[in-house]
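S.K.: One structure follows; several queries about it will come next.
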Amino acid sequence: MRFLLTKVGLLVLTLWAAITLNFLLPRLMPGSPADAAIAKLAQNGPVSNATRASIEAQLGVPTGSMFDQYLQYLGNVAQFDFGVSYTFFPQSVAGLVGAALPWTLVLVGLVTIVAFIAGTLLGVLAAWKRGTWLDTLPTVGGTFASAFPYFWTALLLLFFLGYVLGWFPTSGAYGRGATPEFTGAFLLDALYHSLLPATTILITSLGGWILGMRSTMINTLGDDYVTFAEANGLRPRTVAIRYAARNAILPNLTSFGLALGGVVGGSLLVERVFNYPGVGYLLYTAVVNQDFPLMQGLFLIITISVLMANFIVDILYGILDPRTRR
């Protein structure tokens with residue numbers, strides 16, 4: 001319980017610091033949050049003070065002392081109220097993020113979990129059978145696949161499988177004219193549109209999990225407790241899974257926690273290439289259009305997801321390796 005309470009306390013403290021920084025950074029930037037919207041209007045002529053005041057009122061520009069703004073900001077965060085988006089005015093930031101988040105969680109989240117499980121198992125197999133073709137094939141294949149960046153692989157698949165062969169759609173999360181709904185036809189359509197982006201993420205991330213697990217597994221196989229387990233006549237599968245892999249997986253688990261926390265942020269380049277309506281594409285749109293409320297809401301949600309993922313990994317560390325509880 002002491003270990004768990006310590007981790008919870010650190011989580012709360014870090015979360016408070018992240019929320020506070022998210023509040024301070026935009027307010028330390030020069031200019032008003034409404035400047036981007038007024039600058040666009042100024043292209044057609046001068047903007048009067050009355051028009052500026054009206055825009056600031058519509059966009060919800062904060063007023064009052066910094067402390068009053070901070071208290072109001074904490075209350076809004078507790079209610080998931082991040083203001084109104086400049087780009088998609090008058091839609092709220094919470095509504096935009098809520099619409100984009102499921103697409104990213106399903107696409108990037110599921111692929112990340114599948115890549116981690118498959119890569120870890122292949123890494124264990126490669127280390128246990130090192131020197132054979134079961135080691136060479138996944139190691140060489142993983143090294144080759146991980147050498148290419150996300151966007152290059154995405155463009156390659158998009159050109160050959162989308163444009164040249166025409167096997168898959170080239171953009172979007174579902175067909176034109178389709179309405180998002182929980183029906184079999186729509187789910188199949190969404191799955192069909194997600195195959196190319198999912199394949200891109202899987203190909204480029206699988207090699208890292210294989211090589212990382214293989215490296216730590218080989219080091220673990222040389223430890224005394226593994227040799228002692230083998231000398232006691234335990235089955236090779238038991239030695240590999242329950243003794244060697246359980247300890248070798250800890251570094252991979254840390255990387256998985258970071259990757260899982262980054263799922264909410266989406267795979268920005270992949271979503272941009274395939275025009276996929278996830279959080280990454282939404283963040284790209286916010287940055288291009290200088291949509292500060294939308295960026296602020298997205299950054300906070302991404303930060304919270306990373307903190308929660310690290311907290312879960314810390315708890316799993318304590319379960320898998322009791323020495324970390326001390």
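By order in the structure tokens, chains are A, B, ...; within a chain, residues start at 1; ligands start at 1, following the order shown.
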Please provide the set of residues having any atom within 10 Å of region 188-201 of chain A, restricted to only C-alpha atoms, with same-chain residues fewer than 5 positions apart removed, written as an MDAnalysis selection string.
M.R.: chainID A and resid 103 106:112 115 149:158 161:162 167:175 178 180 183 206 267 270:271 273:276
S.K.: Could you pull the residues within 7 Å of Ala244 (chain A), counting only C-alpha atoms, minus those fewer than 3 positions along the same chain, as a PDB file with all heavy atoms, in the first residue's frame?
M.R.:
```pdb
ATOM      1  N   MET A 217      16.537 -10.151 -23.803  1.00  0.00           N
ATOM      2  CA  MET A 217      16.344 -11.582 -23.556  1.00  0.00           C
ATOM      3  C   MET A 217      17.676 -12.323 -23.597  1.00  0.00           C
ATOM      4  O   MET A 217      17.943 -13.204 -22.772  1.00  0.00           O
ATOM      5  CB  MET A 217      15.373 -12.150 -24.591  1.00  0.00           C
ATOM      6  CG  MET A 217      15.026 -13.616 -24.398  1.00  0.00           C
ATOM      7  SD  MET A 217      13.927 -13.886 -23.010  1.00  0.00           S
ATOM      8  CE  MET A 217      13.610 -15.647 -23.192  1.00  0.00           C
ATOM      9  N   THR A 220      19.498 -11.673 -20.433  1.00  0.00           N
ATOM     10  CA  THR A 220      18.884 -12.372 -19.299  1.00  0.00           C
ATOM     11  C   THR A 220      19.204 -13.859 -19.321  1.00  0.00           C
ATOM     12  O   THR A 220      19.355 -14.479 -18.257  1.00  0.00           O
ATOM     13  CB  THR A 220      17.357 -12.167 -19.330  1.00  0.00           C
ATOM     14  OG1 THR A 220      17.070 -10.765 -19.344  1.00  0.00           O
ATOM     15  CG2 THR A 220      16.697 -12.788 -18.112  1.00  0.00           C
ATOM     16  N   LEU A 221      19.304 -14.441 -20.493  1.00  0.00           N
ATOM     17  CA  LEU A 221      19.587 -15.880 -20.590  1.00  0.00           C
ATOM     18  C   LEU A 221      20.948 -16.244 -20.016  1.00  0.00           C
ATOM     19  O   LEU A 221      21.187 -17.409 -19.686  1.00  0.00           O
ATOM     20  CB  LEU A 221      19.518 -16.321 -22.066  1.00  0.00           C
ATOM     21  CG  LEU A 221      18.118 -16.367 -22.685  1.00  0.00           C
ATOM     22  CD1 LEU A 221      18.194 -16.671 -24.181  1.00  0.00           C
ATOM     23  CD2 LEU A 221      17.250 -17.401 -21.981  1.00  0.00           C
ATOM     24  N   VAL A 226      18.774 -18.325 -14.466  1.00  0.00           N
ATOM     25  CA  VAL A 226      18.318 -19.061 -15.650  1.00  0.00           C
ATOM     26  C   VAL A 226      19.109 -20.361 -15.789  1.00  0.00           C
ATOM     27  O   VAL A 226      18.544 -21.430 -16.068  1.00  0.00           O
ATOM     28  CB  VAL A 226      18.460 -18.197 -16.914  1.00  0.00           C
ATOM     29  CG1 VAL A 226      18.074 -18.996 -18.156  1.00  0.00           C
ATOM     30  CG2 VAL A 226      17.582 -16.952 -16.804  1.00  0.00           C
ATOM     31  N   VAL A 239      11.433 -22.261 -18.674  1.00  0.00           N
ATOM     32  CA  VAL A 239      12.608 -21.417 -18.430  1.00  0.00           C
ATOM     33  C   VAL A 239      12.525 -20.139 -19.260  1.00  0.00           C
ATOM     34  O   VAL A 239      12.817 -19.034 -18.775  1.00  0.00           O
ATOM     35  CB  VAL A 239      13.903 -22.195 -18.745  1.00  0.00           C
ATOM     36  CG1 VAL A 239      15.117 -21.285 -18.595  1.00  0.00           C
ATOM     37  CG2 VAL A 239      14.033 -23.411 -17.846  1.00  0.00           C
ATOM     38  N   ALA A 240      12.115 -20.273 -20.524  1.00  0.00           N
ATOM     39  CA  ALA A 240      12.083 -19.118 -21.418  1.00  0.00           C
ATOM     40  C   ALA A 240      11.016 -18.105 -21.009  1.00  0.00           C
ATOM     41  O   ALA A 240      11.275 -16.893 -20.996  1.00  0.00           O
ATOM     42  CB  ALA A 240      11.836 -19.586 -22.852  1.00  0.00           C
ATOM     43  N   ILE A 241       9.816 -18.591 -20.658  1.00  0.00           N
ATOM     44  CA  ILE A 241       8.695 -17.689 -20.390  1.00  0.00           C
ATOM     45  C   ILE A 241       8.678 -17.215 -18.946  1.00  0.00           C
ATOM     46  O   ILE A 241       8.642 -16.010 -18.673  1.00  0.00           O
ATOM     47  CB  ILE A 241       7.360 -18.372 -20.747  1.00  0.00           C
ATOM     48  CG1 ILE A 241       7.342 -18.784 -22.227  1.00  0.00           C
ATOM     49  CG2 ILE A 241       6.195 -17.436 -20.444  1.00  0.00           C
ATOM     50  CD1 ILE A 241       7.485 -17.641 -23.198  1.00  0.00           C
ATOM     51  N   ASN A 247      11.633 -11.268 -16.721  1.00  0.00           N
ATOM     52  CA  ASN A 247      12.542 -10.189 -16.341  1.00  0.00           C
ATOM     53  C   ASN A 247      13.007  -9.383 -17.545  1.00  0.00           C
ATOM     54  O   ASN A 247      13.246  -8.176 -17.441  1.00  0.00           O
ATOM     55  CB  ASN A 247      13.756 -10.764 -15.608  1.00  0.00           C
ATOM     56  CG  ASN A 247      13.413 -11.294 -14.229  1.00  0.00           C
ATOM     57  OD1 ASN A 247      13.343 -10.546 -13.268  1.00  0.00           O
ATOM     58  ND2 ASN A 247      13.183 -12.589 -14.135  1.00  0.00           N
ATOM     59  N   ALA A 248      13.138 -10.035 -18.692  1.00  0.00           N
ATOM     60  CA  ALA A 248      13.607  -9.329 -19.883  1.00  0.00           C
ATOM     61  C   ALA A 248      12.568  -8.362 -20.428  1.00  0.00           C
ATOM     62  O   ALA A 248      12.907  -7.418 -21.148  1.00  0.00           O
ATOM     63  CB  ALA A 248      13.995 -10.340 -20.959  1.00  0.00           C
TER      64      ALA A 248
END
```
S.K.: Quick one: distance from CA of Asp81 (chain A) to CA of Thr303 (chain A) in Å, one decimal?
M.R.: 16.4 Å
S.K.: Go through A:Ala17, A:Val288, A:Ile218, A:Val93 one by one, measure the shortest atom-to-atom distance of each to Asp135 (chain A) using only C-alpha atoms, and give the residue with the smallest value.
M.R.: A:Ile218
S.K.: Among region 130-282 of chain A, which ones does DSSP place in helix (DSSP H, G or I), written as a VMD selection string?
M.R.: chain A and resid 133 to 146 150 to 164 184 to 221 224 to 231 236 to 261 268 to 273 279 to 282
S.K.: Identify, on the basis of only C-alpha atoms, every residue whose closest approach to Asp314 (chain A) does not exceed 12 Å; exclude the query and any residue fewer than 3 positions from it along the same chain; express the result as a compact mmCIF listing (two decimals) with C-alpha atoms, in the first residue's frame.
M.R.:
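Heads up, here's the output in selection-v6.txt:
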```
# COMPACT_ATOMS: atom_id res chain seq x y z
CA PHE A 3 4.26 1.72 -2.77
CA LEU A 4 0.83 2.30 -4.35
CA LEU A 5 0.11 5.46 -2.34
CA THR A 6 3.53 6.88 -3.28
CA LYS A 7 2.82 6.36 -6.97
CA VAL A 8 -0.66 7.89 -6.64
CA LEU A 10 3.41 11.42 -7.60
CA LEU A 11 0.69 11.06 -10.25
CA LEU A 250 10.66 -4.92 -18.14
CA PRO A 251 12.53 -2.49 -20.48
CA LEU A 253 7.22 -2.64 -20.85
CA THR A 254 8.58 0.84 -20.18
CA SER A 255 8.69 1.58 -23.90
CA PHE A 256 5.19 0.17 -24.26
CA GLY A 257 3.92 2.52 -21.57
CA LEU A 258 5.36 5.51 -23.40
CA LEU A 307 0.98 10.27 -17.22
CA MET A 308 -1.73 7.64 -16.79
CA ALA A 309 0.14 5.17 -19.01
CA ASN A 310 3.34 5.67 -16.98
CA PHE A 311 1.39 5.19 -13.75
CA TYR A 317 6.63 -3.06 -12.58
CA GLY A 318 5.80 -3.59 -8.92
CA ILE A 319 3.85 -6.74 -9.79
CA LEU A 320 6.40 -8.25 -12.18
CA ASP A 321 9.49 -7.26 -10.17
CA PRO A 322 8.82 -7.00 -6.41
CA THR A 324 10.94 -2.14 -7.32
CA ARG A 325 8.54 -1.77 -4.37
```
